[in-house]
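A.B. asks: Please see the structure below; I have some questions.
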Amino acid sequence: METMEINGLQIASIAFSIFMMYFAYVGYRRKHFEKWGLLLWNVVFILVIISALLPTIFSPFAQVLKIARVFDLFTVAGIFFLLVITFLNFLQIHKLNGKLSHFIQKEALKEDEKKHDQKDGGEIS
Amino acid sequence: MNYKIIVPIYNESRFIKKFLETFPEKHIKHLILVDDGSSDDTAKIAKTDYPEVTIIRHKINLGKGKSMETGALKAIKENADILIFMDGDLQHKSTDINRFLRAFSKYPDIDILFGARTIGRTMRLIPFVGNKSLTIGINLLFHYLLNDTQCGFRAFRSKVFPKLRWKSNGYSVETEMIINAAKNRLQYKEIPIETIYLDHYKGTSVFDGIIILLKMLTWKLWK
């Protein structure tokens, strides 16, 4: 019977994924995101565990893409994933920044108007 | 002529009183101070000593560009014809405001006036190099010939605000304003102003300069 050898990198990947799944769960418990967020991140880290344990199942993909080793495929996929996440973060931060600035400016002007109204009211009475 | 003087301020509690003392009586009621989320008593000190000054408070720090925009929106709401911007760190002299007002009366076709400092005599080396590089860059890329593109002391007619309106939050606001003016072919003039270089200077850093330069290049391509 063939025994499966697990190397250091695989152990590190699995440990990292389990830790991150726990982290995602803590985030969900603290209501930082909804159920779908927990599900999405768990799927991502389960995929990392599967790829660490059974890297050979991705060999056909590597062949199709003409990538010599499965490890290289993971590296390329990892870089793409990080780029997508960075881009989405950039979009979200940019959008939030705009909304926040607009809100703070509106609040500041509204408060000033309120002060003026109170002053005017005072003078009339 | 109804004018408003817009001054963005941030943590200036040590100097705000001194800054306001420099203003002649006739200008005080035209002042709009935009406190950009100061963590000290800047706004409180200003309000106590000068209740006639309009003070608008951002609850959190948004940057110089956004403070200028808030001030401009307030000035326009109060039907100002002329919007004058200056820094609140005692670098600019309030007596120079009259120069801007006189110039707008003298040249009715002028849309925007830029203050120009006597660069080189008293400015330190790094700001001097940064300022000159950005000024040459703007002159070359946008054909708007100015001697000092980074001076915060400037003024424009309120009717051109929609054309000038900037998106920059921070120190790139001065550059973006010039680029918007150049792209909309606004009539401009430079006015020599006096500048005092202070030890507590906290304006544009080298890093800000690089950001402005990069933004300038992208604005050339996409704006």
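Ordering of the structure tokens sets the chain letters (A, B, ...); residue numbers start at 1 within each chain; ligands are numbered from 1 in the order shown.
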Should the cut-off be 9 Å, what would the residue list for chain A against chain B look like, counting only C-alpha atoms, as a PyMOL selection string?
C.D. replies: chain A and resi 100-101+104-109+111-112
A.B. asks: Would you return as an MDAnalysis selection string the members of chain A that DSSP assigns to helix (DSSP H, G or I) on this structure's backbone?
C.D. replies: chainID A and resid 8:29 35:53 55:64 70:124
A.B. asks: Give me, please, the distance in Å between CA of Ser133 (chain B) and CA of Ser172 (chain B), quoted to one decimal.
C.D. replies: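 About the pair CA of Ser133 (chain B) and CA of Ser172 (chain B): they are 14.2 Å apart.
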A.B. asks: Quick one: everything within 12 Å of Pro108 (chain B), counting only C-alpha atoms, minus sequence neighbours fewer than 5 positions away in the same chain. Send it as a list in words.
C.D. replies: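 Those residues are Met1, Ile82, Leu101, Arg102, Ala103, Leu113, Phe156, Arg157, Gln187, Tyr188 and Lys189 of chain B.
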A.B. asks: Run DSSP on the backbone and tell me which residues of region 31-169 of chain B come out as strand (DSSP E); list them as a PyMOL selection string.
C.D. replies: chain B and resi 31-36+54-58+82-85+112-116+154-157
A.B. asks: Any idea what's packed within 12 Å of region 47-57 of chain A, counting only C-alpha atoms, ignoring anything in its chain fewer than 4 positions away? Could you give it as JSON, numbers by chain?
C.D. replies: {"A": [4, 5, 6, 7, 8, 9, 10, 11, 12, 13, 14, 15, 16, 17, 18, 19, 20, 21, 40, 41, 42, 43, 61, 62, 63, 69, 70, 71, 72, 73, 74, 75, 77, 78]}
A.B. asks: Go ahead and save the picked residues with C-alpha atoms, as a tab-separated table (two decimals), in the first residue's frame.
C.D. replies:
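Dumped everything to selection30.tsv:
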```
chain	number	residue	atom	x	y	z
A	4	MET	CA	1.26	9.45	1.64
A	5	GLU	CA	4.17	11.60	2.72
A	6	ILE	CA	3.40	15.04	3.99
A	7	ASN	CA	6.10	17.68	3.76
A	8	GLY	CA	6.62	20.85	5.79
A	9	LEU	CA	4.99	23.13	3.27
A	10	GLN	CA	1.82	21.03	3.29
A	11	ILE	CA	1.69	21.03	7.10
A	12	ALA	CA	2.18	24.81	7.14
A	13	SER	CA	-0.56	25.29	4.53
A	14	ILE	CA	-3.03	23.11	6.44
A	15	ALA	CA	-2.22	24.75	9.78
A	16	PHE	CA	-2.56	28.18	8.21
A	17	SER	CA	-5.92	27.27	6.64
A	18	ILE	CA	-7.32	25.84	9.87
A	19	PHE	CA	-6.18	28.95	11.73
A	20	MET	CA	-7.79	31.20	9.10
A	21	MET	CA	-11.04	29.19	9.20
A	40	LEU	CA	-17.07	31.94	1.13
A	41	TRP	CA	-13.91	32.12	3.22
A	42	ASN	CA	-14.35	28.56	4.47
A	43	VAL	CA	-14.61	27.36	0.87
A	61	PHE	CA	-5.08	22.15	-15.15
A	62	ALA	CA	-1.33	22.71	-15.08
A	63	GLN	CA	-0.95	20.68	-18.27
A	69	ARG	CA	4.71	22.07	-12.00
A	70	VAL	CA	1.53	22.13	-9.91
A	71	PHE	CA	3.40	24.28	-7.40
A	72	ASP	CA	3.91	26.93	-10.09
A	73	LEU	CA	0.19	26.75	-10.88
A	74	PHE	CA	-0.59	27.45	-7.21
A	75	THR	CA	1.84	30.37	-7.20
A	77	ALA	CA	-3.27	31.30	-8.94
A	78	GLY	CA	-2.23	32.81	-5.59
```
A.B. asks: CA of Ser105 (chain B) and CA of Phe161 (chain B) are how many Å apart?
C.D. replies: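 CA of Ser105 (chain B) sits 18.5 Å away from CA of Phe161 (chain B).
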A.B. asks: Could you name the residues that touch Thr48 (chain B) at 12 Å or less, counting only C-alpha atoms, but leaving out those on the same chain fewer than 6 positions away, as a ChimeraX atom specification?
C.D. replies: /B:16-17,20,41-42,54-55
